[in-house]
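For reference, query26.cif is printed below; it contains mmCIF, C-alpha atoms.
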data_protein
#
loop_
_atom_site.label_atom_id
_atom_site.label_comp_id
_atom_site.auth_asym_id
_atom_site.auth_seq_id
_atom_site.Cartn_x
_atom_site.Cartn_y
_atom_site.Cartn_z
CA MET A 1 22.36 1.86 13.49
CA LYS A 2 18.57 2.00 13.20
CA LYS A 3 18.38 5.38 14.95
CA ILE A 4 21.16 6.73 12.72
CA PHE A 5 19.25 5.63 9.59
CA SER A 6 16.08 7.38 10.81
CA LEU A 7 17.95 10.56 11.67
CA VAL A 8 19.67 10.65 8.27
CA ILE A 9 16.31 10.42 6.47
CA ALA A 10 14.83 13.11 8.74
CA PHE A 11 17.77 15.42 8.16
CA ALA A 12 17.55 14.91 4.38
CA ILE A 13 13.85 15.80 4.32
CA ILE A 14 14.36 18.92 6.44
CA LEU A 15 17.33 20.06 4.33
CA ILE A 16 15.51 19.56 1.03
CA PHE A 17 12.34 21.26 2.27
CA ALA A 18 14.32 24.23 3.53
CA ALA A 19 16.06 24.54 0.18
CA ASP A 20 12.68 24.51 -1.56
CA VAL A 21 11.17 27.17 0.65
CA PHE A 22 14.12 29.55 0.54
CA ALA A 23 15.11 29.04 -3.10
CA GLN A 24 15.59 32.48 -4.64
CA ASN A 25 14.88 31.61 -8.26
CA PRO A 26 12.63 28.58 -8.60
CA VAL A 27 12.25 27.20 -12.11
CA HIS A 28 8.51 27.20 -12.72
CA SER A 29 8.79 25.09 -15.85
CA ALA A 30 9.53 22.09 -13.62
CA ARG A 31 6.46 22.55 -11.47
CA ILE A 32 3.71 19.94 -11.29
CA PRO A 33 0.57 21.78 -10.14
CA VAL A 34 -1.49 20.25 -7.35
CA THR A 35 -4.51 21.84 -8.96
CA ASN A 36 -5.43 24.86 -11.06
CA GLU A 37 -7.87 27.74 -10.81
CA LYS A 38 -10.66 25.74 -12.46
CA ALA A 39 -10.28 22.83 -10.03
CA GLN A 40 -9.96 24.68 -6.74
CA GLY A 41 -12.51 23.83 -4.11
CA PHE A 42 -13.68 21.11 -1.74
CA PHE A 43 -14.52 17.62 -2.94
CA VAL A 44 -16.09 14.52 -1.39
CA GLY A 45 -15.64 11.00 -2.71
CA GLY A 46 -15.13 7.45 -1.60
CA LYS A 47 -15.12 3.72 -2.26
CA ILE A 48 -17.07 0.67 -1.09
CA TYR A 49 -15.69 -2.88 -1.19
CA THR A 50 -18.47 -5.43 -0.96
CA GLY A 51 -19.71 -8.65 -2.54
CA TRP A 52 -20.66 -12.26 -1.89
CA ALA A 53 -18.40 -15.29 -1.37
CA GLY A 54 -18.34 -18.80 -0.01
CA ASP A 55 -15.66 -21.38 0.81
CA ILE A 56 -15.95 -24.40 -1.47
CA VAL A 57 -13.84 -26.56 0.90
CA ASN A 58 -14.23 -25.31 4.45
CA GLU A 59 -17.81 -25.73 5.67
CA ASP A 60 -17.15 -23.42 8.62
CA PHE A 61 -17.11 -20.48 6.21
CA PRO A 62 -20.71 -20.05 4.99
CA ASN A 63 -21.85 -18.45 1.76
CA GLN A 64 -22.52 -14.86 2.68
CA PHE A 65 -22.50 -11.23 1.67
CA PHE A 66 -19.60 -9.20 3.01
CA LEU A 67 -18.51 -5.60 3.42
CA ASN A 68 -14.73 -5.26 3.63
CA ARG A 69 -14.12 -1.55 3.48
CA VAL A 70 -15.88 1.79 3.16
CA TYR A 71 -13.77 4.85 2.38
CA LEU A 72 -15.00 8.43 2.71
CA THR A 73 -12.59 11.01 1.34
CA PHE A 74 -12.59 14.78 1.79
CA THR A 75 -10.16 16.70 -0.42
CA GLY A 76 -9.48 20.42 -0.27
CA LEU A 77 -7.63 22.15 -3.11
CA LEU A 78 -6.71 25.52 -1.66
CA ASN A 79 -4.48 26.76 -4.48
CA GLU A 80 -1.92 25.36 -6.88
CA ASP A 81 0.56 24.92 -4.04
CA VAL A 82 -1.44 23.56 -1.10
CA SER A 83 -4.06 20.83 -0.71
CA PHE A 84 -5.25 18.52 2.05
CA ARG A 85 -6.90 15.12 2.35
CA LEU A 86 -8.92 13.44 5.07
CA ARG A 87 -9.87 9.83 4.36
CA LEU A 88 -11.95 7.84 6.83
CA GLU A 89 -12.11 4.07 6.64
CA GLY A 90 -15.01 1.92 7.76
CA LEU A 91 -13.76 -1.52 8.69
CA GLY A 92 -16.79 -3.49 7.58
CA ASP A 93 -17.02 -7.14 8.66
CA LYS A 94 -13.52 -7.07 10.20
CA GLY A 95 -14.05 -4.08 12.46
CA ALA A 96 -16.02 -3.22 15.57
CA GLY A 97 -17.95 -0.40 13.95
CA GLY A 98 -17.19 3.27 13.52
CA MET A 99 -14.47 4.75 11.36
CA ALA A 100 -10.68 4.78 11.37
CA ILE A 101 -8.40 7.50 10.05
CA LYS A 102 -6.73 6.29 6.87
CA HIS A 103 -5.21 9.60 5.72
CA ALA A 104 -5.11 13.07 7.25
CA TYR A 105 -2.38 15.19 5.72
CA VAL A 106 -1.50 18.51 4.15
CA ARG A 107 0.35 18.42 0.84
CA PHE A 108 2.67 21.18 -0.34
CA GLY A 109 3.16 20.89 -4.09
CA ASN A 110 5.15 22.89 -6.60
CA LEU A 111 8.28 22.77 -4.49
CA ASN A 112 11.59 22.85 -6.29
CA PHE A 113 14.98 21.50 -5.36
CA LEU A 114 17.80 21.58 -7.89
CA ASN A 115 15.17 22.47 -10.50
CA MET A 116 13.24 19.24 -9.85
CA ALA A 117 9.50 19.14 -9.18
CA SER A 118 8.71 17.89 -5.70
CA LYS A 119 6.05 17.68 -3.00
CA LEU A 120 5.83 17.30 0.77
CA GLU A 121 3.09 15.58 2.79
CA ILE A 122 2.73 16.01 6.58
CA GLY A 123 0.29 14.15 8.84
CA VAL A 124 -1.20 10.67 8.57
CA VAL A 125 0.40 9.79 5.24
CA GLY A 126 0.42 6.75 3.00
CA ALA A 127 3.25 4.22 3.23
CA LEU A 128 5.67 4.78 0.36
CA TRP A 129 5.94 1.22 -0.96
CA GLU A 130 2.29 0.22 -0.59
CA SER A 131 1.08 3.49 -2.13
CA PHE A 132 3.35 2.93 -5.14
CA GLU A 133 2.55 -0.73 -5.82
CA THR A 134 -1.20 -0.31 -5.18
CA GLN A 135 -1.32 2.11 -8.14
CA ILE A 136 0.04 -0.64 -10.39
CA TRP A 137 -1.84 -3.61 -8.90
CA ARG A 138 -5.14 -1.61 -8.86
CA TYR A 139 -7.31 -4.37 -7.32
CA ARG A 140 -7.14 -3.70 -3.61
CA VAL A 141 -10.78 -4.84 -3.46
CA LEU A 142 -9.52 -8.41 -4.09
CA ARG A 143 -6.19 -8.40 -2.26
CA GLN A 144 -3.70 -6.04 -0.74
CA VAL A 145 -0.20 -5.77 -2.13
CA THR A 146 1.91 -8.61 -0.75
CA SER A 147 3.78 -6.67 1.94
CA GLY A 148 0.41 -5.72 3.44
CA ILE A 149 -1.10 -9.21 3.23
CA PHE A 150 1.60 -10.70 5.42
CA GLY A 151 1.83 -7.82 7.87
CA TYR A 152 5.25 -6.45 6.96
CA ALA A 153 3.99 -2.91 6.43
CA SER A 154 1.22 -0.61 7.53
CA SER A 155 -0.57 1.23 4.74
CA THR A 156 -0.49 4.51 6.70
CA ASP A 157 1.50 6.14 9.47
CA VAL A 158 1.99 9.49 11.17
CA GLY A 159 4.95 11.36 9.73
CA VAL A 160 6.36 13.10 6.67
CA ASN A 161 6.72 12.01 3.02
CA TYR A 162 8.85 13.89 0.52
CA SER A 163 9.21 13.06 -3.17
CA MET A 164 10.96 14.66 -6.12
CA ASN A 165 10.66 13.88 -9.82
CA PHE A 166 13.17 14.62 -12.52
CA ASN A 167 14.03 13.74 -16.10
CA ASP A 168 10.41 14.34 -17.18
CA ASN A 169 9.14 12.18 -14.31
CA GLN A 170 11.12 9.15 -15.44
CA VAL A 171 12.90 9.05 -12.09
CA SER A 172 11.37 9.65 -8.67
CA LEU A 173 13.09 9.76 -5.29
CA GLN A 174 10.83 9.20 -2.28
CA LEU A 175 11.81 9.75 1.34
CA GLY A 176 9.78 9.29 4.50
CA ILE A 177 10.05 9.27 8.27
CA TRP A 178 7.23 8.11 10.53
CA ASN A 179 6.35 7.14 14.09
CA GLY A 180 6.26 3.49 13.14
CA ALA A 181 3.46 2.77 15.59
CA PHE A 182 0.27 4.14 14.05
CA LYS A 183 -2.70 1.78 14.20
CA LYS A 184 -5.32 2.87 11.72
CA TYR A 185 -7.48 -0.08 12.77
CA THR A 186 -8.21 1.52 16.12
CA VAL A 187 -11.79 2.65 15.73
CA TRP A 188 -12.70 6.33 15.58
CA GLY A 189 -16.18 7.34 16.67
CA LEU A 190 -18.87 5.53 18.64
CA GLY A 191 -17.09 6.27 21.91
CA SER A 192 -13.75 4.80 20.81
CA LYS A 193 -10.45 6.59 20.69
CA VAL A 194 -8.74 7.70 17.52
CA THR A 195 -5.48 5.83 17.74
CA ASP A 196 -2.99 4.11 20.00
CA ASN A 197 0.77 4.27 20.43
CA LEU A 198 1.13 7.50 18.48
CA THR A 199 4.74 7.91 19.52
CA ASN A 200 7.75 5.62 19.45
CA GLU A 201 11.26 6.46 20.56
CA ASN A 202 12.68 4.63 17.54
CA LEU A 203 11.25 6.28 14.43
CA SER A 204 10.72 4.42 11.16
CA ALA A 205 12.18 5.70 7.91
CA GLY A 206 12.40 4.77 4.25
CA ALA A 207 13.94 5.75 0.93
CA PHE A 208 12.92 4.57 -2.56
CA LEU A 209 13.93 5.13 -6.16
CA ILE A 210 11.34 4.60 -8.89
CA PHE A 211 12.29 4.37 -12.57
CA ASN A 212 9.44 4.92 -15.05
CA GLN A 213 10.30 4.38 -18.72
CA GLU A 214 7.54 6.49 -20.27
CA GLY A 215 7.57 9.29 -17.70
CA GLY A 216 5.22 12.20 -18.33
CA SER A 217 2.74 13.70 -15.91
CA SER A 218 -0.62 12.29 -17.05
CA LYS A 219 -2.65 11.34 -13.97
CA LYS A 220 -4.46 8.54 -15.80
CA ALA A 221 -1.21 7.01 -17.05
CA LYS A 222 1.21 7.77 -14.26
CA TYR A 223 3.30 4.68 -14.96
CA GLY A 224 3.99 3.11 -18.35
CA GLY A 225 6.47 0.90 -20.15
CA PHE A 226 9.07 -0.70 -17.90
CA VAL A 227 8.82 0.43 -14.27
CA ALA A 228 11.25 -0.52 -11.51
CA SER A 229 11.49 0.37 -7.86
CA VAL A 230 14.06 -0.39 -5.19
CA GLY A 231 14.43 0.85 -1.65
CA MET A 232 14.81 0.16 2.03
CA MET A 233 12.58 0.80 5.02
CA LEU A 234 13.28 0.51 8.72
CA ASN A 235 10.24 -0.40 10.78
CA ASN A 236 9.83 -0.29 14.56
CA LYS A 237 6.31 -1.56 15.03
CA PRO A 238 5.77 -2.28 18.74
CA ASP A 239 4.29 -5.41 20.25
CA VAL A 240 0.63 -4.46 20.71
CA SER A 241 -0.91 -7.74 21.82
CA ALA A 242 -0.08 -10.79 23.87
CA ILE A 243 0.65 -12.82 20.76
CA ASP A 244 1.83 -10.59 17.96
CA GLU A 245 4.44 -10.78 15.25
CA THR A 246 6.39 -7.59 14.84
CA ASN A 247 9.01 -6.36 12.45
CA THR A 248 11.75 -4.35 14.06
CA GLY A 249 14.30 -4.88 11.33
CA TYR A 250 15.12 -3.59 7.87
CA ARG A 251 12.95 -4.21 4.83
CA ILE A 252 14.64 -4.30 1.43
CA LEU A 253 11.95 -4.06 -1.24
CA GLY A 254 12.00 -4.06 -5.01
CA GLY A 255 9.87 -4.67 -8.05
CA LEU A 256 9.95 -4.83 -11.85
CA TYR A 257 6.83 -4.21 -13.94
CA TYR A 258 5.80 -3.75 -17.54
CA ILE A 259 2.70 -1.68 -18.31
CA SER A 260 1.19 -1.31 -21.79
CA ARG A 261 -1.34 1.42 -22.54
CA ASP A 262 -3.25 2.57 -25.62
CA SER A 263 -3.84 6.28 -26.15
CA LYS A 264 -7.57 5.73 -26.82
CA ILE A 265 -8.44 2.61 -24.82
CA GLY A 266 -6.19 3.08 -21.79
CA HIS A 267 -4.62 0.20 -19.89
CA GLN A 268 -4.12 -3.01 -21.87
CA PHE A 269 -1.57 -5.19 -20.12
CA THR A 270 0.44 -5.26 -16.88
CA ILE A 271 2.85 -7.85 -15.57
CA GLY A 272 4.61 -7.43 -12.26
CA LEU A 273 7.14 -9.21 -10.08
CA SER A 274 8.03 -7.81 -6.67
CA GLY A 275 9.35 -8.94 -3.35
CA GLY A 276 11.18 -8.13 -0.20
CA TYR A 277 13.72 -9.41 2.27
CA ILE A 278 13.14 -8.72 5.95
CA ILE A 279 16.27 -8.59 8.09
CA ASP A 280 15.69 -9.45 11.77
CA PHE A 281 11.98 -10.24 11.54
CA GLU A 282 10.97 -10.58 15.17
CA LYS A 283 8.40 -13.18 16.22
CA LYS A 284 6.74 -12.54 19.55
CA ASP A 285 4.88 -14.77 21.97
CA GLY A 286 3.82 -12.57 24.87
CA GLY A 287 2.77 -15.54 26.97
CA SER A 288 6.03 -17.46 26.57
CA PRO A 289 9.05 -15.18 26.14
CA ALA A 290 11.26 -18.23 25.72
CA LEU A 291 9.59 -18.81 22.36
CA ASP A 292 10.48 -15.33 21.06
CA MET A 293 12.87 -15.51 18.14
CA THR A 294 14.41 -13.27 15.50
CA GLU A 295 14.95 -14.58 11.98
CA ASP A 296 15.10 -13.25 8.45
CA ALA A 297 11.97 -13.51 6.31
CA TYR A 298 11.15 -12.93 2.66
CA PHE A 299 8.16 -12.66 0.35
CA ALA A 300 7.42 -12.44 -3.39
CA SER A 301 4.48 -11.59 -5.62
CA PHE A 302 3.67 -12.16 -9.29
CA PHE A 303 0.62 -10.69 -11.01
CA MET A 304 -0.83 -10.08 -14.48
CA LEU A 305 -3.66 -7.79 -15.58
CA ILE A 306 -4.80 -8.45 -19.16
CA ASN A 307 -7.41 -6.16 -20.69
CA LEU A 308 -9.43 -7.94 -23.40
CA SER A 309 -9.11 -4.91 -25.66
CA ILE A 310 -5.87 -6.58 -26.77
CA LEU A 311 -8.07 -9.19 -28.51
CA GLY A 312 -11.27 -7.35 -29.31
CA GLY A 313 -10.40 -3.69 -29.54
CA GLU A 314 -12.32 -0.89 -27.88
CA ASN A 315 -15.56 -2.91 -27.63
CA THR A 316 -14.08 -5.23 -24.99
CA LYS A 317 -12.10 -2.73 -22.91
CA GLU A 318 -14.50 -3.16 -19.95
CA TRP A 319 -13.20 -6.71 -19.35
CA GLU A 320 -9.95 -7.65 -17.66
CA ILE A 321 -8.35 -10.96 -16.62
CA ILE A 322 -6.56 -10.94 -13.25
CA LEU A 323 -3.96 -13.35 -11.89
CA LYS A 324 -1.98 -12.94 -8.65
CA VAL A 325 0.26 -15.31 -6.70
CA ASP A 326 1.73 -14.43 -3.28
CA TYR A 327 4.47 -16.29 -1.41
CA ASN A 328 5.73 -15.68 2.11
CA ASN A 329 8.39 -17.42 4.21
CA ARG A 330 8.69 -16.20 7.78
CA GLY A 331 11.69 -18.35 8.62
CA PRO A 332 11.86 -21.37 10.95
CA ARG A 333 9.01 -22.14 13.27
CA GLY A 334 9.67 -21.78 16.95
CA ALA A 335 7.45 -18.98 18.23
CA GLY A 336 3.71 -19.27 18.58
CA PRO A 337 0.73 -20.11 20.76
CA ALA A 338 0.51 -23.80 19.86
CA PRO A 339 2.95 -26.76 19.90
CA MET A 340 2.76 -27.10 16.10
CA TYR A 341 4.67 -23.82 15.82
CA ASN A 342 7.61 -25.12 17.79
CA ASP A 343 9.51 -27.05 15.14
CA GLU A 344 12.56 -25.14 13.99
CA THR A 345 13.33 -27.77 11.35
CA LYS A 346 10.46 -26.44 9.21
CA ASP A 347 9.74 -23.01 7.77
CA ASP A 348 6.51 -21.12 8.34
CA VAL A 349 5.26 -20.73 4.75
CA GLN A 350 2.16 -19.05 3.31
CA LEU A 351 0.92 -19.14 -0.28
CA GLY A 352 -1.96 -17.20 -1.80
CA ALA A 353 -3.51 -17.32 -5.28
CA THR A 354 -6.16 -15.18 -6.97
CA PHE A 355 -7.82 -15.64 -10.37
CA ALA A 356 -10.57 -13.28 -11.46
CA ILE A 357 -12.34 -11.56 -14.34
CA SER A 358 -13.20 -7.89 -13.91
CA PHE A 359 -16.16 -6.22 -15.63
CA HIS A 360 -16.16 -2.41 -15.58
CA PRO A 361 -19.41 -1.22 -17.25
CA TYR A 362 -19.46 2.23 -15.64
CA SER A 363 -16.84 4.60 -14.26
CA TRP A 364 -18.17 3.97 -10.73
CA LEU A 365 -18.65 0.18 -10.82
CA TRP A 366 -16.36 -2.89 -10.93
CA ILE A 367 -17.90 -6.41 -10.83
CA ILE A 368 -15.29 -9.13 -10.25
CA PRO A 369 -16.12 -12.86 -10.19
CA ALA A 370 -13.11 -14.49 -8.54
CA TYR A 371 -11.47 -17.53 -6.99
CA ARG A 372 -9.20 -16.67 -4.05
CA ALA A 373 -7.22 -19.25 -2.11
CA ASP A 374 -4.84 -19.14 0.84
CA PHE A 375 -2.72 -22.17 1.68
CA LEU A 376 -1.12 -21.91 5.12
CA ASP A 377 1.65 -24.13 6.37
CA ILE A 378 0.14 -23.60 9.82
CA GLY A 379 -3.52 -22.78 10.15
CA THR A 380 -6.73 -23.07 8.17
CA ASP A 381 -6.71 -23.00 4.37
CA ASN A 382 -9.53 -21.28 2.54
CA ASN A 383 -10.83 -21.52 -1.02
CA LEU A 384 -13.22 -18.67 -1.70
CA VAL A 385 -15.42 -18.35 -4.76
CA GLY A 386 -17.62 -15.32 -5.17
CA ILE A 387 -18.23 -11.89 -6.63
CA TRP A 388 -16.26 -8.91 -5.38
CA ILE A 389 -17.71 -5.45 -6.08
CA GLU A 390 -16.04 -2.05 -5.95
CA LEU A 391 -18.16 1.09 -5.99
CA ARG A 392 -16.66 4.56 -6.38
CA TYR A 393 -18.50 7.77 -5.77
#
Is it possible to give me this structure as structure tokens?
Amino acid sequence: MKKIFSLVIAFAIILIFAADVFAQNPVHSARIPVTNEKAQGFFVGGKIYTGWAGDIVNEDFPNQFFLNRVYLTFTGLLNEDVSFRLRLEGLGDKGAGGMAIKHAYVRFGNLNFLNMASKLEIGVVGALWESFETQIWRYRVLRQVTSGIFGYASSTDVGVNYSMNFNDNQVSLQLGIWNGAFKKYTVWGLGSKVTDNLTNENLSAGAFLIFNQEGGSSKKAKYGGFVASVGMMLNNKPDVSAIDETNTGYRILGGLYYISRDSKIGHQFTIGLSGGYIIDFEKKDGGSPALDMTEDAYFASFFMLINLSILGGENTKEWEIILKVDYNNRGPRGAGPAPMYNDETKDDVQLGATFAISFHPYSWLWIIPAYRADFLDIGTDNNLVGIWIELRY
């Protein structure tokens, strides 16, 4: 069944792309340009996630400066139909040095299928769900979207993404098929190899529908009003370590959001509720195969972003209040490296909470004092207080 689902998605992408390429009379009024003559060229940009934090409960976590991520992005706009992106990711405190490949793809824009604007991306592409929700959550510097926090999805993979928009961009259909085994955390450079497990006999695939009340094509206000998304992804992430939790089942994901914007000030208010149900979540214990088990799992996220311009007008638009709560239930215990895991009468539950205030004095700088806590049913809790900083260049 899993192979059939992957093949159906692959066939749909190939069929739609072929129809785009060989369409005799494309309707140019439906086209969304990748760029224009004034914007053609080669561009370099990036982001830095840094700051200072300390654990107010756990003395084993000292007060310290940190560097979570460094992104270096190269974008080439060849013409209004073709562009490419190469994004390298420095892993900061969590990595072994060097850079990893985050994105490396060619994008074909201005495609048309049934008079609907569409685009195709081939290479190391962004994961459909994470790419979508990250645009709404907007504070990756503090936390990933929930599916990424708990390891249910990779943010990138090698494969193909196809999307089409219709009804003035109020509805978007997104399709993708990927290897399902790409590890962007494998270090590139400094004598290390680029990636591992680039191929997998069981491909991953996904399909999503996004409903956007306000529609339109403004890049700065891509989503507005009520926004909803629902879809399914099949993942075949292999076991890559002796003790590793993998997801070889289906992921059913969905979310409902409300986004308020002002034509002069910009974003004012966002509230979001999303979650997913993982069918056949597979827990691995490479050292003790008897402890391997397959159970269903589920997660949920709630967040609010409140810009203070709602209270003080344009003079306070640089300030924003942030609240995020993440919940994860990985099903009964029974697989793990320690005896405390082996109690199938209890669920393995994780809970995360984030409260912060964001100050955005310049277009390139975000300063975010925050409290971030993780409460683990099994493991070490942490209660971090600090200042997170995002720099864009």
Exercise. Region 48-63 of chain A: which residues within 9 Å, counting all atoms listed in the file, same-chain residues fewer than 2 positions away excluded, as a PyMOL selection string?
Worked result: chain A and resi 46+65-72+92+140-142+367-368+370+380-393
Limited to C-alpha atoms, could you put the picked residues into a file as an mmCIF file, keeping the file's coordinate frame?
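The result, stored in out.cif:
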data_model
loop_
_atom_site.group_PDB
_atom_site.id
_atom_site.type_symbol
_atom_site.label_atom_id
_atom_site.label_comp_id
_atom_site.auth_asym_id
_atom_site.auth_seq_id
_atom_site.Cartn_x
_atom_site.Cartn_y
_atom_site.Cartn_z
ATOM 1 C CA GLY A 46 -15.130 7.450 -1.600
ATOM 2 C CA PHE A 65 -22.500 -11.230 1.670
ATOM 3 C CA PHE A 66 -19.600 -9.200 3.010
ATOM 4 C CA LEU A 67 -18.510 -5.600 3.420
ATOM 5 C CA ASN A 68 -14.730 -5.260 3.630
ATOM 6 C CA ARG A 69 -14.120 -1.550 3.480
ATOM 7 C CA VAL A 70 -15.880 1.790 3.160
ATOM 8 C CA TYR A 71 -13.770 4.850 2.380
ATOM 9 C CA LEU A 72 -15.000 8.430 2.710
ATOM 10 C CA GLY A 92 -16.790 -3.490 7.580
ATOM 11 C CA ARG A 140 -7.140 -3.700 -3.610
ATOM 12 C CA VAL A 141 -10.780 -4.840 -3.460
ATOM 13 C CA LEU A 142 -9.520 -8.410 -4.090
ATOM 14 C CA ILE A 367 -17.900 -6.410 -10.830
ATOM 15 C CA ILE A 368 -15.290 -9.130 -10.250
ATOM 16 C CA ALA A 370 -13.110 -14.490 -8.540
ATOM 17 C CA THR A 380 -6.730 -23.070 8.170
ATOM 18 C CA ASP A 381 -6.710 -23.000 4.370
ATOM 19 C CA ASN A 382 -9.530 -21.280 2.540
ATOM 20 C CA ASN A 383 -10.830 -21.520 -1.020
ATOM 21 C CA LEU A 384 -13.220 -18.670 -1.700
ATOM 22 C CA VAL A 385 -15.420 -18.350 -4.760
ATOM 23 C CA GLY A 386 -17.620 -15.320 -5.170
ATOM 24 C CA ILE A 387 -18.230 -11.890 -6.630
ATOM 25 C CA TRP A 388 -16.260 -8.910 -5.380
ATOM 26 C CA ILE A 389 -17.710 -5.450 -6.080
ATOM 27 C CA GLU A 390 -16.040 -2.050 -5.950
ATOM 28 C CA LEU A 391 -18.160 1.090 -5.990
ATOM 29 C CA ARG A 392 -16.660 4.560 -6.380
ATOM 30 C CA TYR A 393 -18.500 7.770 -5.770
#
Please write the residues picked by the PyMOL selection byres ((chain A and resi 136) around 10) on this file as a compact mmCIF listing (two decimals) with C-alpha atoms, keeping the file's coordinate frame.
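After the write, out08.txt holds the following:
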# COMPACT_ATOMS: atom_id res chain seq x y z
CA SER A 131 1.08 3.49 -2.13
CA PHE A 132 3.35 2.93 -5.14
CA GLU A 133 2.55 -0.73 -5.82
CA THR A 134 -1.20 -0.31 -5.18
CA GLN A 135 -1.32 2.11 -8.14
CA TRP A 137 -1.84 -3.61 -8.90
CA ARG A 138 -5.14 -1.61 -8.86
CA TYR A 139 -7.31 -4.37 -7.32
CA VAL A 145 -0.20 -5.77 -2.13
CA LYS A 222 1.21 7.77 -14.26
CA TYR A 223 3.30 4.68 -14.96
CA GLY A 224 3.99 3.11 -18.35
CA VAL A 227 8.82 0.43 -14.27
CA TYR A 257 6.83 -4.21 -13.94
CA TYR A 258 5.80 -3.75 -17.54
CA ILE A 259 2.70 -1.68 -18.31
CA THR A 270 0.44 -5.26 -16.88
CA ILE A 271 2.85 -7.85 -15.57
CA GLY A 272 4.61 -7.43 -12.26
CA LEU A 305 -3.66 -7.79 -15.58
For this session: Calculate how many Å separate CA of Phe84 (chain A) from CA of Ser147 (chain A), rounding to one decimal.
Result: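 Separation between CA of Phe84 (chain A) and CA of Ser147 (chain A): 26.8 Å.
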Problem set entry | Nearest candidate to Ser263 (chain A) (options A:Glu314, A:Met233, A:Ile306, A:Leu173; using all atoms listed in the file) |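 For Ser263 (chain A), the nearest of the candidates is A:Glu314.
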For this session: Would you kindly identify which residues have an atom no farther than 12 Å from (-8.9, -12.0, -15.7), using all atoms listed in the file and the file's own coordinates, and write them out as a VMD selection string?
Result: chain A and resid 139 268 to 270 303 to 308 318 to 324 354 to 359 367 to 371
Problem set entry | Coordinates-based distance that separates CA of Gly313 (chain A) from CA of Phe226 (chain A) (Å, one decimal) |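 Interatomic distance, CA of Phe226 (chain A) to CA of Gly313 (chain A): 22.9 Å.
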For this session: Find the spatial neighbours of Leu128 (chain A), counting all atoms listed in the file, within a cut-off of 12 Å - ignore same-chain residues fewer than 2 positions away - and output them as a PyMOL selection string.
Result: chain A and resi 121+125-126+130-135+147+153-157+159-163+172-178+204-210+229-233+253
